[in-house]
>>> print(open('final.json').read())   # JSON, C-alpha atoms
[["chain", "number", "residue", "atom", "x", "y", "z"],
["R", 20, "MET", "CA", 0.00, 0.00, 0.00],
["R", 21, "LYS", "CA", 1.25, 3.48, -0.83],
["R", 22, "VAL", "CA", 0.34, 6.68, 0.97],
["R", 23, "GLY", "CA", 1.73, 9.48, -1.16],
["R", 24, "ASP", "CA", 5.32, 8.42, -1.89],
["R", 25, "ILE", "CA", 5.56, 6.26, 1.23],
["R", 26, "SER", "CA", 5.11, 2.48, 1.10],
["R", 27, "MET", "CA", 3.26, 0.99, 4.05],
["R", 28, "LEU", "CA", 2.83, -2.59, 5.14],
["R", 29, "VAL", "CA", -0.71, -3.22, 6.37],
["R", 30, "GLY", "CA", -2.94, -6.23, 6.93],
["R", 31, "SER", "CA", -2.51, -9.64, 8.52],
["R", 32, "PHE", "CA", -2.09, -13.10, 7.07],
["R", 33, "ASN", "CA", -2.11, -16.53, 8.71],
["R", 34, "HIS", "CA", 0.63, -18.84, 7.45],
["R", 35, "LYS", "CA", 2.60, -21.88, 8.51],
["R", 36, "LEU", "CA", 6.28, -22.55, 9.09],
["R", 37, "ASP", "CA", 7.69, -25.52, 7.22],
["R", 38, "GLY", "CA", 10.04, -28.07, 8.81],
["R", 39, "LYS", "CA", 13.08, -25.94, 7.93],
["R", 40, "GLY", "CA", 11.70, -22.78, 9.57],
["R", 41, "ARG", "CA", 10.63, -21.08, 6.34],
["R", 42, "THR", "CA", 7.39, -19.34, 5.51],
["R", 43, "VAL", "CA", 5.92, -17.88, 2.36],
["R", 44, "LEU", "CA", 5.57, -14.13, 2.50],
["R", 45, "PRO", "CA", 2.26, -12.71, 1.29],
["R", 46, "ALA", "CA", 2.56, -11.43, -2.28],
["R", 47, "LYS", "CA", 1.12, -8.15, -1.00],
["R", 48, "PHE", "CA", 4.20, -7.68, 1.22],
["R", 49, "ARG", "CA", 6.88, -8.94, -1.18],
["R", 50, "GLY", "CA", 6.72, -5.87, -3.39],
["R", 51, "GLU", "CA", 7.23, -3.59, -0.39],
["R", 52, "LEU", "CA", 10.01, -5.68, 1.15],
["R", 53, "GLY", "CA", 12.20, -6.24, -1.90],
["R", 54, "SER", "CA", 14.40, -9.30, -2.45],
["R", 55, "SER", "CA", 16.40, -9.10, 0.77],
["R", 56, "VAL", "CA", 15.33, -8.14, 4.30],
["R", 57, "VAL", "CA", 16.71, -7.97, 7.82],
["R", 58, "ALA", "CA", 15.08, -10.16, 10.46],
["R", 59, "THR", "CA", 15.59, -9.40, 14.15],
["R", 60, "ILE", "CA", 13.76, -9.42, 17.45],
["R", 61, "GLY", "CA", 10.59, -7.37, 17.72],
["R", 62, "ILE", "CA", 9.59, -5.31, 20.72],
["R", 63, "ASP", "CA", 6.66, -7.47, 21.90],
["R", 64, "ARG", "CA", 8.17, -10.97, 21.60],
["R", 65, "CYS", "CA", 7.71, -11.23, 17.86],
["R", 66, "ILE", "CA", 10.07, -11.29, 14.88],
["R", 67, "ALA", "CA", 10.53, -7.98, 13.07],
["R", 68, "ILE", "CA", 11.25, -8.01, 9.32],
["R", 69, "TYR", "CA", 12.65, -4.78, 7.84],
["R", 70, "PRO", "CA", 13.15, -3.81, 4.20],
["R", 71, "LEU", "CA", 16.85, -2.99, 3.73],
["R", 72, "GLN", "CA", 16.24, 0.74, 3.25],
["R", 73, "ARG", "CA", 14.23, 1.01, 6.47],
["R", 74, "TRP", "CA", 16.86, -1.06, 8.33],
["R", 75, "GLU", "CA", 19.58, 1.33, 7.17],
["R", 76, "GLU", "CA", 17.51, 4.28, 8.44],
["R", 77, "LEU", "CA", 17.10, 2.52, 11.80],
["R", 78, "LEU", "CA", 20.85, 1.87, 11.99],
["R", 79, "LEU", "CA", 21.56, 5.57, 11.48],
["R", 80, "LYS", "CA", 19.20, 6.44, 14.33],
["R", 81, "LEU", "CA", 20.81, 3.83, 16.59],
["R", 82, "LYS", "CA", 24.25, 5.21, 15.74],
["R", 83, "ASP", "CA", 23.17, 8.65, 16.93],
["R", 84, "LEU", "CA", 22.11, 7.39, 20.38],
["R", 85, "SER", "CA", 24.52, 7.94, 23.25],
["R", 86, "SER", "CA", 26.82, 5.03, 24.05],
["R", 87, "PHE", "CA", 27.16, 6.32, 27.60],
["R", 88, "LYS", "CA", 23.73, 5.04, 28.63],
["R", 89, "LYS", "CA", 23.64, 1.38, 29.66],
["R", 90, "LYS", "CA", 20.08, 0.77, 28.39],
["R", 91, "THR", "CA", 21.01, 2.22, 25.00],
["R", 92, "ARG", "CA", 24.12, 0.03, 24.75],
["R", 93, "ASP", "CA", 22.23, -3.08, 25.82],
["R", 94, "PHE", "CA", 19.31, -2.42, 23.45],
["R", 95, "ARG", "CA", 21.67, -1.83, 20.51],
["R", 96, "ARG", "CA", 23.79, -4.90, 21.32],
["R", 97, "VAL", "CA", 20.88, -7.31, 21.55],
["R", 98, "LEU", "CA", 18.95, -5.92, 18.59],
["R", 99, "LEU", "CA", 21.99, -5.97, 16.31],
["R", 100, "SER", "CA", 23.44, -9.27, 17.55],
["R", 101, "MET", "CA", 20.17, -11.04, 16.75],
["R", 102, "ALA", "CA", 19.75, -9.40, 13.34],
["R", 103, "THR", "CA", 20.34, -11.39, 10.18],
["R", 104, "GLU", "CA", 19.99, -10.50, 6.52],
["R", 105, "GLN", "CA", 17.70, -12.93, 4.71],
["R", 106, "GLU", "CA", 17.07, -13.42, 1.00],
["R", 107, "ILE", "CA", 13.53, -13.97, -0.21],
["R", 108, "ASP", "CA", 13.78, -16.99, -2.49],
["R", 109, "GLY", "CA", 12.11, -17.47, -5.88],
["R", 110, "ALA", "CA", 9.07, -19.07, -4.22],
["R", 111, "GLY", "CA", 8.61, -16.00, -1.97],
["R", 112, "ARG", "CA", 9.88, -17.79, 1.12],
["R", 113, "ILE", "CA", 12.05, -16.49, 3.92],
["R", 114, "LEU", "CA", 14.00, -18.47, 6.50],
["R", 115, "LEU", "CA", 13.35, -17.52, 10.10],
["R", 116, "PRO", "CA", 16.46, -18.44, 12.12],
["R", 117, "GLN", "CA", 15.92, -20.73, 15.12],
["R", 118, "LEU", "CA", 17.18, -18.04, 17.52],
["R", 119, "LEU", "CA", 14.41, -15.68, 16.42],
["R", 120, "ARG", "CA", 11.76, -18.41, 16.42],
["R", 121, "ASP", "CA", 12.75, -19.29, 19.99],
["R", 122, "TYR", "CA", 12.57, -15.64, 21.07],
["R", 123, "ALA", "CA", 9.08, -15.21, 19.59],
["R", 124, "GLY", "CA", 7.89, -18.64, 20.73],
["R", 125, "THR", "CA", 6.63, -19.46, 17.25],
["R", 126, "ASN", "CA", 5.23, -22.86, 16.43],
["R", 127, "ALA", "CA", 3.92, -24.03, 13.07],
["R", 128, "ASP", "CA", 1.04, -21.53, 12.97],
["R", 129, "ILE", "CA", 2.17, -17.94, 12.53],
["R", 130, "THR", "CA", 0.55, -14.62, 11.72],
["R", 131, "LEU", "CA", 2.32, -12.03, 9.58],
["R", 132, "ILE", "CA", 1.20, -8.48, 10.23],
["R", 133, "GLY", "CA", 1.99, -5.23, 8.50],
["R", 134, "ALA", "CA", 3.34, -2.68, 10.97],
["R", 135, "GLU", "CA", 3.67, 0.33, 8.68],
["R", 136, "ASP", "CA", 7.42, 0.41, 7.90],
["R", 137, "HIS", "CA", 8.14, -3.24, 8.76],
["R", 138, "MET", "CA", 6.45, -6.59, 9.12],
["R", 139, "GLU", "CA", 6.03, -8.61, 12.31],
["R", 140, "ILE", "CA", 5.76, -12.38, 12.61],
["R", 141, "TRP", "CA", 3.89, -13.71, 15.63],
["R", 142, "ASP", "CA", 2.95, -17.12, 16.92],
["R", 143, "THR", "CA", -0.75, -17.11, 15.97],
["R", 144, "ALA", "CA", -2.05, -17.96, 19.46],
["R", 145, "LYS", "CA", 0.10, -15.20, 21.01],
["R", 146, "TRP", "CA", -1.03, -12.71, 18.36],
["R", 147, "GLU", "CA", -4.71, -13.51, 18.97],
["R", 148, "GLU", "CA", -4.22, -13.04, 22.72],
["R", 149, "HIS", "CA", -2.33, -9.75, 22.24],
["R", 150, "ARG", "CA", -4.83, -8.43, 19.71],
["R", 151, "ALA", "CA", -7.78, -9.27, 22.01],
["R", 152, "GLU", "CA", -6.08, -7.45, 24.88],
["R", 153, "VAL", "CA", -5.51, -4.35, 22.75],
["R", 154, "LEU", "CA", -9.04, -4.44, 21.32],
["R", 155, "SER", "CA", -10.53, -4.54, 24.82],
["R", 156, "ASP", "CA", -8.89, -1.16, 25.49],
["R", 157, "PHE", "CA", -9.09, 0.24, 21.95],
["R", 158, "SER", "CA", -11.56, 3.07, 22.57],
["R", 159, "ASP", "CA", -9.59, 4.30, 25.59],
["R", 160, "MET", "CA", -6.39, 4.23, 23.52],
["R", 161, "ALA", "CA", -8.06, 6.27, 20.78],
["R", 162, "GLU", "CA", -9.09, 8.92, 23.29],
["R", 163, "GLU", "CA", -5.48, 9.26, 24.45],
["R", 164, "MET", "CA", -4.25, 9.76, 20.89],
["R", 165, "GLU", "CA", -5.41, 13.29, 20.31],
["R", 166, "GLU", "CA", -3.24, 13.65, 17.21],
["R", 167, "ILE", "CA", -5.34, 11.22, 15.16]]
>>> encode(input="final.json", output="structure tokens")
Amino acid sequence: MKVGDISMLVGSFNHKLDGKGRTVLPAKFRGELGSSVVATIGIDRCIAIYPLQRWEELLLKLKDLSSFKKKTRDFRRVLLSMATEQEIDGAGRILLPQLLRDYAGTNADITLIGAEDHMEIWDTAKWEEHRAEVLSDFSDMAEEMEEI
């Protein structure tokens, strides 16, 4: 999806992991992601998939953060140490490394969600639980977001 000149990843898709830890990316996302992506840990125990351009922008922002703050150093270390560049193969599949699958607690059933500038991969049961929790508080959240 494009908003002006900006590409945005939106929507959700239920998929499965194969025995090798691969999944097929939705065709809708492939055009936005390109042929190579960076996979790393997501904030809420999911796997974050970034298009290379967005990943490079994120790296520049991380570089500008102070190295004198312990939380900044630790965040940067863990995020970058768990990042891996992945090629999207001819069948539209991506390999999700075991380290990332363990972090996100993914089983065979996964949900791929568009998160504006990146994609997130969740264990389907965990995503359904998280989404239900957010939906139960959705109207209160909207009231707090005056900018919308």
>>> residues_around(input="final.json", residues="Asp128 in chain R", least_positions_apart="5", cutoff="12 Å", atoms="all atoms listed in the file", output="PyMOL selection string")
chain R and resi 32-38+40-42+120+140-147
>>> closest_residue(input="final.json", among="R:Leu84, R:Ile60, R:Leu44, R:Glu139", to="Leu119 in chain R", atoms="all atoms listed in the file")
R:Ile60
>>> atom_distance(input="final.json", atom1="CA of Thr103 in chain R", atom2="CA of Ile68 in chain R")
9.7 Å
>>> atom_distance(input="final.json", atom1="CA of Ile66 in chain R", atom2="CA of Ala123 in chain R")
6.2 Å
>>> axis_aligned_box(input="final.json", around="range 140-148 of chain R", padding_each_side="3 Å", output="lines of an AutoDock Vina configuration file")
center_x = 0.5
center_y = -15.2
center_z = 17.7
size_x = 16.5
size_y = 11.6
size_z = 16.1
>>> residues_around(input="final.json", residues="Gly50 in chain R", least_positions_apart="2", cutoff="12 Å", atoms="all atoms listed in the file", output="list of chain:residue names")
R:Met20, R:Lys21, R:Ser26, R:Met27, R:Leu28, R:Leu44, R:Pro45, R:Ala46, R:Lys47, R:Phe48, R:Leu52, R:Gly53, R:Ser54, R:Ser55, R:Val56, R:Pro70, R:Ile107, R:Gly111
>>> atom_distance(input="final.json", atom1="CA of Gly30 in chain R", atom2="CA of Arg49 in chain R")
13.0 Å
>>> closest_residue(input="final.json", among="R:Val57, R:Met101, R:Met164, R:Ile132", to="Ser31 in chain R", atoms="only C-alpha atoms")
R:Ile132
>>> closest_residue(input="final.json", among="R:Lys39, R:Phe94, R:Leu77, R:Asp63", to="Ala127 in chain R", atoms="only C-alpha atoms")
R:Lys39
>>> residues_around(input="final.json", residues="Lys82 in chain R", least_positions_apart="3", cutoff="12 Å", atoms="all atoms listed in the file", output="VMD selection string")
chain R and resid 75 to 79 85 to 86 91 to 92 94 to 96 99
>>> decode(input="final.json", residues="range 101-112 of chain R", atoms="C-alpha atoms", output="PDB file, in the first residue's frame")
ATOM      1  CA  MET R 101      20.172 -11.039  16.754  1.00  0.00           C
ATOM      2  CA  ALA R 102      19.751  -9.400  13.340  1.00  0.00           C
ATOM      3  CA  THR R 103      20.339 -11.387  10.179  1.00  0.00           C
ATOM      4  CA  GLU R 104      19.987 -10.505   6.517  1.00  0.00           C
ATOM      5  CA  GLN R 105      17.700 -12.932   4.714  1.00  0.00           C
ATOM      6  CA  GLU R 106      17.075 -13.415   1.003  1.00  0.00           C
ATOM      7  CA  ILE R 107      13.532 -13.965  -0.210  1.00  0.00           C
ATOM      8  CA  ASP R 108      13.775 -16.992  -2.494  1.00  0.00           C
ATOM      9  CA  GLY R 109      12.111 -17.472  -5.876  1.00  0.00           C
ATOM     10  CA  ALA R 110       9.073 -19.067  -4.216  1.00  0.00           C
ATOM     11  CA  GLY R 111       8.608 -16.002  -1.974  1.00  0.00           C
ATOM     12  CA  ARG R 112       9.880 -17.794   1.121  1.00  0.00           C
TER      13      ARG R 112
END
